[in-house]
Amino acid sequence: MTQLRQFTERFSSEPLLDVLNVPDIQAAMTQFCVSEDELRVCQREAFALLREKKIRASYINFEAMDSPDTGMIIFAIRVPGSLKQMMELDAELGERLFQVWPEPSLNRFWIGFERDYDA
Amino acid sequence: MSMIGSDFLKTAATLVVDEKSEANLRSAASRAYYAVFHESMEAIPDDHAPTGSQLKSSSSHECVIQGLLAWGKSLTPGREYARLAGRDLARLKKIRHVADYQLSDTFNLLMAEEAIAVARQTIGNLNAAKSRYATSGTTN
């Protein structure tokens, strides 16, 4: 989990992921069969897109939803702006993710942008 | 069939306009998800569609996303719209989870409106995928 830990520590000064949650994240990834490679590649693409657009993420939410019909891991990057802007940004990310990770495990892992309602 | 999936989207839109109680807003998000879920099942071509037994299982929601992704991965017309729809269905699944199960979390009008907007976009992508598939001479 080196890369995930590095990522988490990198953002630990922000109101983002807590390094103490890494074991929980690791357990969730194992439970939902999500590879660290997929997480890393998708994260890199998402943050590259934000840098290109000069948009600063205001919050990252890493969540494991565990229910009989909707269990999955969510890596949501909250961004300021309107709903339309967020949806356009996320659609662009979607196109890019299919290029860098052609067979995503979308039924178990979703990474994308969410609107920051407080911004 | 007495109704189609997108009818749920009309219900969702009504729920956010009428009484804006949190229960209504959560129900709107949930209906928006099911609108797309059912429209997706109708749209997926037979060769990528989940089987009857898969749809009756607890993993039916996963199977529909998988079906869209399988369509998106195949070299058939409409694939680019199908995979975007699969991604948006996964987003809606997340919103629906919060709406239906996480009752202690905040759920407001903006979130319900987001679910409806994403559902509209996804149904648009599904229609585009179906249209391209149909005009290619392949039957759905």
# chains A, B, ... in the order shown; residues from 1 in each chain; ligands from 1
>>> select_by_dssp(residues="segment 25-124 of chain B", states="alpha helix (DSSP H)", output="PyMOL selection string")
chain B and resi 25-43+52-56+60-73+79-101+109-124
>>> closest_atom_pairs(of="chain B", to="chain A", cutoff="9 Å", atoms="only C-alpha atoms", output="JSON lines")
{"residue": "B:Ser58", "atom": "CA", "partner": "A:Asp69", "partner_atom": "CA", "distance": 5.5}
{"residue": "B:Ser59", "atom": "CA", "partner": "A:Asp69", "partner_atom": "CA", "distance": 5.8}
{"residue": "B:Ser60", "atom": "CA", "partner": "A:Asp69", "partner_atom": "CA", "distance": 7.4}
{"residue": "B:His61", "atom": "CA", "partner": "A:Asp69", "partner_atom": "CA", "distance": 6.3}
{"residue": "B:Glu62", "atom": "CA", "partner": "A:Asn107", "partner_atom": "CA", "distance": 5.1}
{"residue": "B:Cys63", "atom": "CA", "partner": "A:Asn107", "partner_atom": "CA", "distance": 7.9}
{"residue": "B:Val64", "atom": "CA", "partner": "A:Asn107", "partner_atom": "CA", "distance": 8.7}
{"residue": "B:Ile65", "atom": "CA", "partner": "A:Asn107", "partner_atom": "CA", "distance": 6.0}
{"residue": "B:Gln66", "atom": "CA", "partner": "A:Asn107", "partner_atom": "CA", "distance": 6.8}
{"residue": "B:Leu69", "atom": "CA", "partner": "A:Glu103", "partner_atom": "CA", "distance": 7.9}
{"residue": "B:Ala70", "atom": "CA", "partner": "A:Glu103", "partner_atom": "CA", "distance": 8.9}
{"residue": "B:Lys73", "atom": "CA", "partner": "A:Glu103", "partner_atom": "CA", "distance": 7.6}
{"residue": "B:Glu80", "atom": "CA", "partner": "A:Glu95", "partner_atom": "CA", "distance": 8.6}
{"residue": "B:Arg83", "atom": "CA", "partner": "A:Phe98", "partner_atom": "CA", "distance": 8.3}
{"residue": "B:Leu84", "atom": "CA", "partner": "A:Gly94", "partner_atom": "CA", "distance": 6.8}
{"residue": "B:Gly86", "atom": "CA", "partner": "A:Leu106", "partner_atom": "CA", "distance": 7.6}
{"residue": "B:Arg87", "atom": "CA", "partner": "A:Leu106", "partner_atom": "CA", "distance": 6.6}
{"residue": "B:Asp88", "atom": "CA", "partner": "A:Ala91", "partner_atom": "CA", "distance": 8.7}
{"residue": "B:Ala90", "atom": "CA", "partner": "A:Leu106", "partner_atom": "CA", "distance": 6.4}
{"residue": "B:Arg91", "atom": "CA", "partner": "A:Trp110", "partner_atom": "CA", "distance": 7.1}
{"residue": "B:Lys93", "atom": "CA", "partner": "A:Thr70", "partner_atom": "CA", "distance": 6.6}
{"residue": "B:Lys94", "atom": "CA", "partner": "A:Thr70", "partner_atom": "CA", "distance": 7.6}
{"residue": "B:Arg96", "atom": "CA", "partner": "A:Thr70", "partner_atom": "CA", "distance": 8.7}
{"residue": "B:His97", "atom": "CA", "partner": "A:Thr70", "partner_atom": "CA", "distance": 6.7}
{"residue": "B:Val98", "atom": "CA", "partner": "A:Met65", "partner_atom": "CA", "distance": 8.9}
{"residue": "B:Tyr101", "atom": "CA", "partner": "A:Ser67", "partner_atom": "CA", "distance": 8.8}
{"residue": "B:Leu110", "atom": "CA", "partner": "A:Tyr117", "partner_atom": "CA", "distance": 7.6}
{"residue": "B:Met111", "atom": "CA", "partner": "A:Tyr117", "partner_atom": "CA", "distance": 8.5}
{"residue": "B:Glu113", "atom": "CA", "partner": "A:Leu83", "partner_atom": "CA", "distance": 8.9}
{"residue": "B:Glu114", "atom": "CA", "partner": "A:Leu83", "partner_atom": "CA", "distance": 6.9}
{"residue": "B:Ala117", "atom": "CA", "partner": "A:Leu83", "partner_atom": "CA", "distance": 8.5}
{"residue": "B:Val118", "atom": "CA", "partner": "A:Met87", "partner_atom": "CA", "distance": 7.7}
>>> write_last_selection(atoms="N, CA, C and O atoms", output="compact mmCIF listing (two decimals), in the first residue's frame")
# COMPACT_ATOMS: atom_id res chain seq x y z
N SER B 58 -29.27 -10.67 -6.08
CA SER B 58 -28.97 -9.43 -5.34
C SER B 58 -27.94 -8.58 -6.07
O SER B 58 -27.75 -7.42 -5.74
N SER B 59 -27.26 -9.18 -7.06
CA SER B 59 -26.25 -8.41 -7.79
C SER B 59 -26.79 -7.85 -9.10
O SER B 59 -26.02 -7.51 -9.99
N SER B 60 -28.11 -7.77 -9.23
CA SER B 60 -28.70 -7.30 -10.49
C SER B 60 -28.22 -5.90 -10.85
O SER B 60 -28.03 -5.58 -12.02
N HIS B 61 -28.01 -5.05 -9.83
CA HIS B 61 -27.57 -3.68 -10.10
C HIS B 61 -26.16 -3.68 -10.71
O HIS B 61 -25.88 -2.92 -11.63
N GLU B 62 -25.32 -4.56 -10.18
CA GLU B 62 -23.97 -4.69 -10.73
C GLU B 62 -24.02 -5.20 -12.16
O GLU B 62 -23.27 -4.75 -13.02
N CYS B 63 -24.91 -6.15 -12.39
CA CYS B 63 -24.98 -6.78 -13.73
C CYS B 63 -25.38 -5.79 -14.81
O CYS B 63 -24.93 -5.89 -15.96
N VAL B 64 -26.23 -4.85 -14.47
CA VAL B 64 -26.65 -3.87 -15.47
C VAL B 64 -25.48 -2.95 -15.82
O VAL B 64 -25.24 -2.65 -17.00
N ILE B 65 -24.73 -2.52 -14.82
CA ILE B 65 -23.53 -1.70 -15.10
C ILE B 65 -22.56 -2.52 -15.94
O ILE B 65 -22.00 -2.03 -16.93
N GLN B 66 -22.39 -3.80 -15.57
CA GLN B 66 -21.50 -4.67 -16.33
C GLN B 66 -21.96 -4.81 -17.78
O GLN B 66 -21.15 -4.84 -18.70
N LEU B 69 -21.02 -1.75 -19.66
CA LEU B 69 -19.57 -1.72 -19.91
C LEU B 69 -19.18 -2.74 -20.98
O LEU B 69 -18.30 -2.48 -21.79
N ALA B 70 -19.86 -3.88 -20.97
CA ALA B 70 -19.57 -4.90 -21.99
C ALA B 70 -19.93 -4.36 -23.38
O ALA B 70 -19.19 -4.55 -24.35
N LYS B 73 -17.36 -1.90 -24.35
CA LYS B 73 -16.07 -2.50 -24.69
C LYS B 73 -16.11 -3.15 -26.07
O LYS B 73 -15.09 -3.32 -26.72
N GLU B 80 -19.53 4.15 -27.30
CA GLU B 80 -19.01 5.26 -26.51
C GLU B 80 -20.07 5.85 -25.60
O GLU B 80 -19.79 6.25 -24.47
N ARG B 83 -20.77 3.25 -22.58
CA ARG B 83 -19.84 3.24 -21.46
C ARG B 83 -19.99 4.48 -20.59
O ARG B 83 -19.83 4.41 -19.37
N LEU B 84 -20.32 5.63 -21.23
CA LEU B 84 -20.57 6.82 -20.41
C LEU B 84 -21.82 6.63 -19.55
O LEU B 84 -21.87 7.06 -18.39
N GLY B 86 -22.83 3.78 -18.42
CA GLY B 86 -22.43 2.88 -17.34
C GLY B 86 -21.76 3.62 -16.21
O GLY B 86 -22.02 3.37 -15.02
N ARG B 87 -20.94 4.58 -16.57
CA ARG B 87 -20.25 5.37 -15.54
C ARG B 87 -21.25 6.23 -14.75
O ARG B 87 -21.18 6.33 -13.54
N ASP B 88 -22.19 6.82 -15.48
CA ASP B 88 -23.17 7.67 -14.79
C ASP B 88 -24.14 6.84 -13.95
O ASP B 88 -24.62 7.31 -12.92
N ALA B 90 -23.26 4.26 -12.30
CA ALA B 90 -22.51 4.01 -11.06
C ALA B 90 -22.57 5.24 -10.15
O ALA B 90 -22.69 5.13 -8.93
N ARG B 91 -22.51 6.43 -10.74
CA ARG B 91 -22.63 7.66 -9.93
C ARG B 91 -24.01 7.73 -9.27
O ARG B 91 -24.13 8.04 -8.08
N LYS B 93 -25.93 5.29 -8.59
CA LYS B 93 -26.01 4.23 -7.58
C LYS B 93 -25.51 4.75 -6.24
O LYS B 93 -26.07 4.47 -5.19
N LYS B 94 -24.43 5.51 -6.31
CA LYS B 94 -23.86 6.10 -5.09
C LYS B 94 -24.84 7.09 -4.46
O LYS B 94 -25.08 7.07 -3.25
N ARG B 96 -28.04 7.22 -4.85
CA ARG B 96 -29.21 6.47 -4.36
C ARG B 96 -28.89 5.79 -3.02
O ARG B 96 -29.75 5.71 -2.14
N HIS B 97 -27.66 5.31 -2.88
CA HIS B 97 -27.27 4.67 -1.62
C HIS B 97 -27.40 5.66 -0.46
O HIS B 97 -27.95 5.34 0.59
N VAL B 98 -26.88 6.87 -0.68
CA VAL B 98 -26.97 7.90 0.36
C VAL B 98 -28.45 8.21 0.64
O VAL B 98 -28.89 8.30 1.79
N TYR B 101 -30.20 4.85 2.27
CA TYR B 101 -29.66 4.16 3.45
C TYR B 101 -29.03 5.08 4.49
O TYR B 101 -29.04 4.75 5.66
N LEU B 110 -30.29 20.46 -3.65
CA LEU B 110 -29.23 20.45 -4.66
C LEU B 110 -28.81 19.03 -5.02
O LEU B 110 -28.53 18.71 -6.19
N MET B 111 -28.79 18.17 -4.02
CA MET B 111 -28.39 16.78 -4.27
C MET B 111 -29.45 16.05 -5.09
O MET B 111 -29.13 15.27 -5.99
N GLU B 113 -31.52 17.50 -7.14
CA GLU B 113 -31.45 18.07 -8.50
C GLU B 113 -30.28 17.48 -9.28
O GLU B 113 -30.37 17.26 -10.49
N GLU B 114 -29.18 17.23 -8.57
CA GLU B 114 -28.02 16.61 -9.23
C GLU B 114 -28.40 15.21 -9.75
O GLU B 114 -28.08 14.86 -10.89
N ALA B 117 -30.52 15.59 -12.82
CA ALA B 117 -29.74 16.07 -13.98
C ALA B 117 -28.86 14.95 -14.53
O ALA B 117 -28.77 14.77 -15.76
N VAL B 118 -28.22 14.20 -13.66
CA VAL B 118 -27.37 13.09 -14.11
C VAL B 118 -28.23 12.02 -14.79
O VAL B 118 -27.85 11.46 -15.82
>>> residues_around(residues="Pro77 of chain B", least_positions_apart="6", cutoff="7 Å", atoms="only C-alpha atoms", output="ChimeraX atom specification")
/B:132-133,136
>>> atom_distance(atom1="atom CA of Leu89 of chain B", atom2="atom CA of Ala112 of chain B")
15.0 Å
>>> atom_distance(atom1="atom CA of Ala28 of chain B", atom2="atom CA of Ile116 of chain B")
7.6 Å
>>> closest_residue(among="A:Ala64, A:Ile55, A:Leu39, A:Val79", to="Leu97 of chain A", atoms="only C-alpha atoms")
A:Leu39
>>> closest_residue(among="B:Ala129, B:Ala115, B:Asp100, B:Ser53", to="Gly72 of chain B", atoms="only C-alpha atoms")
B:Ala129
>>> select_by_dssp(residues="segment 71-118 of chain A", states="strand (DSSP E)", output="list in words")
Met72, Ile73, Ile74, Phe75, Ala76, Ile77, Arg78, Val79, Phe109, Trp110, Ile111, Gly112, Phe113, Glu114 and Arg115 of chain A
>>> residues_around(residues="Leu25 of chain B", least_positions_apart="6", cutoff="7 Å", atoms="only C-alpha atoms", output="ChimeraX atom specification")
/B:15-16,108-109,112
>>> residues_around(residues="Val36 of chain B", least_positions_apart="5", cutoff="10 Å", atoms="only C-alpha atoms", output="ChimeraX atom specification")
/B:5-6,8-9,31,41-42,85-86,88-89,92-93,116,118-123,126
>>> write_last_selection(atoms="all heavy atoms", output="compact mmCIF listing (two decimals), in the first residue's frame")
# COMPACT_ATOMS: atom_id res chain seq x y z
N GLY B 5 -39.20 2.98 -17.84
CA GLY B 5 -38.29 3.45 -16.79
C GLY B 5 -38.27 4.95 -16.63
O GLY B 5 -38.25 5.47 -15.50
N SER B 6 -38.28 5.66 -17.76
CA SER B 6 -38.15 7.12 -17.67
C SER B 6 -39.37 7.77 -17.01
O SER B 6 -39.30 8.94 -16.62
CB SER B 6 -37.89 7.73 -19.04
OG SER B 6 -38.93 7.42 -19.92
N PHE B 8 -40.26 7.10 -14.15
CA PHE B 8 -39.79 7.37 -12.79
C PHE B 8 -39.12 8.74 -12.70
O PHE B 8 -39.12 9.38 -11.66
CB PHE B 8 -38.79 6.30 -12.35
CG PHE B 8 -39.41 5.03 -11.85
CD1 PHE B 8 -38.94 3.80 -12.27
CD2 PHE B 8 -40.44 5.05 -10.92
CE1 PHE B 8 -39.49 2.62 -11.80
CE2 PHE B 8 -41.00 3.87 -10.45
CZ PHE B 8 -40.53 2.66 -10.88
N LEU B 9 -38.52 9.17 -13.83
CA LEU B 9 -37.85 10.47 -13.83
C LEU B 9 -38.86 11.61 -13.71
O LEU B 9 -38.61 12.62 -13.06
CB LEU B 9 -37.00 10.61 -15.10
CG LEU B 9 -35.94 11.69 -15.11
CD1 LEU B 9 -35.03 11.62 -13.89
CD2 LEU B 9 -35.11 11.60 -16.38
N ARG B 31 -35.76 7.56 -7.24
CA ARG B 31 -36.53 7.35 -8.49
C ARG B 31 -35.67 7.65 -9.71
O ARG B 31 -35.78 6.99 -10.74
CB ARG B 31 -37.79 8.22 -8.50
CG ARG B 31 -38.90 7.87 -7.50
CD ARG B 31 -39.37 6.45 -7.62
NE ARG B 31 -38.59 5.55 -6.78
CZ ARG B 31 -38.59 4.23 -6.87
NH1 ARG B 31 -39.28 3.62 -7.80
NH2 ARG B 31 -37.87 3.50 -6.07
N MET B 41 -31.58 -1.43 -18.72
CA MET B 41 -31.94 -2.82 -19.01
C MET B 41 -32.62 -2.93 -20.38
O MET B 41 -32.41 -3.90 -21.11
CB MET B 41 -32.84 -3.38 -17.92
CG MET B 41 -32.08 -3.71 -16.65
SD MET B 41 -32.96 -4.86 -15.59
CE MET B 41 -34.36 -3.89 -15.10
N GLU B 42 -33.45 -1.93 -20.70
CA GLU B 42 -34.13 -1.94 -21.99
C GLU B 42 -33.17 -1.68 -23.14
O GLU B 42 -33.35 -2.18 -24.25
CB GLU B 42 -35.23 -0.86 -22.01
CG GLU B 42 -36.47 -1.23 -21.22
CD GLU B 42 -37.17 -2.46 -21.80
OE1 GLU B 42 -37.38 -2.50 -23.03
OE2 GLU B 42 -37.47 -3.39 -21.03
N ALA B 85 -22.82 5.96 -20.13
CA ALA B 85 -24.03 5.68 -19.36
C ALA B 85 -23.71 4.75 -18.19
O ALA B 85 -24.25 4.92 -17.09
CB ALA B 85 -25.09 5.06 -20.27
N GLY B 86 -22.83 3.78 -18.42
CA GLY B 86 -22.43 2.88 -17.34
C GLY B 86 -21.76 3.62 -16.21
O GLY B 86 -22.02 3.37 -15.02
N ASP B 88 -22.19 6.82 -15.48
CA ASP B 88 -23.17 7.67 -14.79
C ASP B 88 -24.14 6.84 -13.95
O ASP B 88 -24.62 7.31 -12.92
CB ASP B 88 -23.95 8.52 -15.80
CG ASP B 88 -23.16 9.74 -16.22
OD1 ASP B 88 -22.22 10.13 -15.49
OD2 ASP B 88 -23.46 10.32 -17.28
N LEU B 89 -24.42 5.62 -14.39
CA LEU B 89 -25.28 4.76 -13.57
C LEU B 89 -24.58 4.44 -12.24
O LEU B 89 -25.22 4.40 -11.19
CB LEU B 89 -25.64 3.46 -14.31
CG LEU B 89 -26.57 2.50 -13.57
CD1 LEU B 89 -27.90 3.17 -13.20
CD2 LEU B 89 -26.85 1.25 -14.41
N LEU B 92 -25.02 7.42 -10.06
CA LEU B 92 -26.38 7.46 -9.51
C LEU B 92 -26.59 6.41 -8.42
O LEU B 92 -27.34 6.62 -7.47
CB LEU B 92 -27.41 7.27 -10.63
CG LEU B 92 -27.60 8.48 -11.54
CD1 LEU B 92 -28.35 8.08 -12.81
CD2 LEU B 92 -28.36 9.59 -10.81
N LYS B 93 -25.93 5.29 -8.59
CA LYS B 93 -26.01 4.23 -7.58
C LYS B 93 -25.51 4.75 -6.24
O LYS B 93 -26.07 4.47 -5.19
CB LYS B 93 -25.16 3.05 -8.08
CG LYS B 93 -25.21 1.82 -7.22
CD LYS B 93 -24.48 0.68 -7.94
CE LYS B 93 -23.56 -0.04 -6.98
NZ LYS B 93 -22.89 -1.21 -7.56
N ILE B 116 -31.28 14.09 -10.59
CA ILE B 116 -32.20 14.20 -11.74
C ILE B 116 -31.43 14.63 -12.99
O ILE B 116 -31.64 14.09 -14.08
CB ILE B 116 -33.35 15.17 -11.40
CG1 ILE B 116 -34.25 14.55 -10.33
CG2 ILE B 116 -34.15 15.52 -12.64
CD1 ILE B 116 -35.27 15.50 -9.73
N VAL B 118 -28.22 14.20 -13.66
CA VAL B 118 -27.37 13.09 -14.11
C VAL B 118 -28.23 12.02 -14.79
O VAL B 118 -27.85 11.46 -15.82
CB VAL B 118 -26.56 12.50 -12.93
CG1 VAL B 118 -25.82 11.23 -13.37
CG2 VAL B 118 -25.57 13.52 -12.39
N ALA B 119 -29.41 11.77 -14.23
CA ALA B 119 -30.31 10.76 -14.83
C ALA B 119 -30.73 11.20 -16.23
O ALA B 119 -30.76 10.38 -17.16
CB ALA B 119 -31.52 10.55 -13.93
N ARG B 120 -31.06 12.47 -16.39
CA ARG B 120 -31.46 12.97 -17.73
C ARG B 120 -30.32 12.80 -18.72
O ARG B 120 -30.51 12.37 -19.86
CB ARG B 120 -31.85 14.45 -17.64
CG ARG B 120 -33.23 14.64 -17.01
CD ARG B 120 -33.75 16.07 -17.23
NE ARG B 120 -35.09 16.18 -16.69
CZ ARG B 120 -35.45 17.05 -15.74
NH1 ARG B 120 -34.57 17.90 -15.25
NH2 ARG B 120 -36.69 17.08 -15.30
N GLN B 121 -29.12 13.17 -18.28
CA GLN B 121 -27.95 13.03 -19.16
C GLN B 121 -27.74 11.56 -19.53
O GLN B 121 -27.43 11.23 -20.68
CB GLN B 121 -26.71 13.57 -18.43
CG GLN B 121 -25.40 13.35 -19.16
CD GLN B 121 -24.23 13.92 -18.40
OE1 GLN B 121 -23.89 15.09 -18.56
NE2 GLN B 121 -23.59 13.13 -17.55
N THR B 122 -27.90 10.69 -18.56
CA THR B 122 -27.64 9.26 -18.80
C THR B 122 -28.67 8.68 -19.76
O THR B 122 -28.32 7.90 -20.65
CB THR B 122 -27.66 8.49 -17.46
OG1 THR B 122 -26.88 9.19 -16.51
CG2 THR B 122 -27.11 7.09 -17.64
N ILE B 123 -29.93 9.05 -19.57
CA ILE B 123 -30.96 8.55 -20.49
C ILE B 123 -30.71 9.09 -21.90
O ILE B 123 -30.90 8.38 -22.90
CB ILE B 123 -32.37 8.90 -19.96
CG1 ILE B 123 -32.66 8.04 -18.73
CG2 ILE B 123 -33.44 8.67 -21.04
CD1 ILE B 123 -33.96 8.36 -18.01
N LEU B 126 -28.08 6.88 -23.27
CA LEU B 126 -28.66 5.56 -23.60
C LEU B 126 -29.43 5.64 -24.93
O LEU B 126 -29.32 4.74 -25.77
CB LEU B 126 -29.59 5.09 -22.49
CG LEU B 126 -28.92 4.61 -21.20
CD1 LEU B 126 -29.96 4.43 -20.09
CD2 LEU B 126 -28.16 3.30 -21.43
>>> atom_distance(atom1="atom CA of Val100 of chain A", atom2="atom CA of Val41 of chain A")
7.4 Å
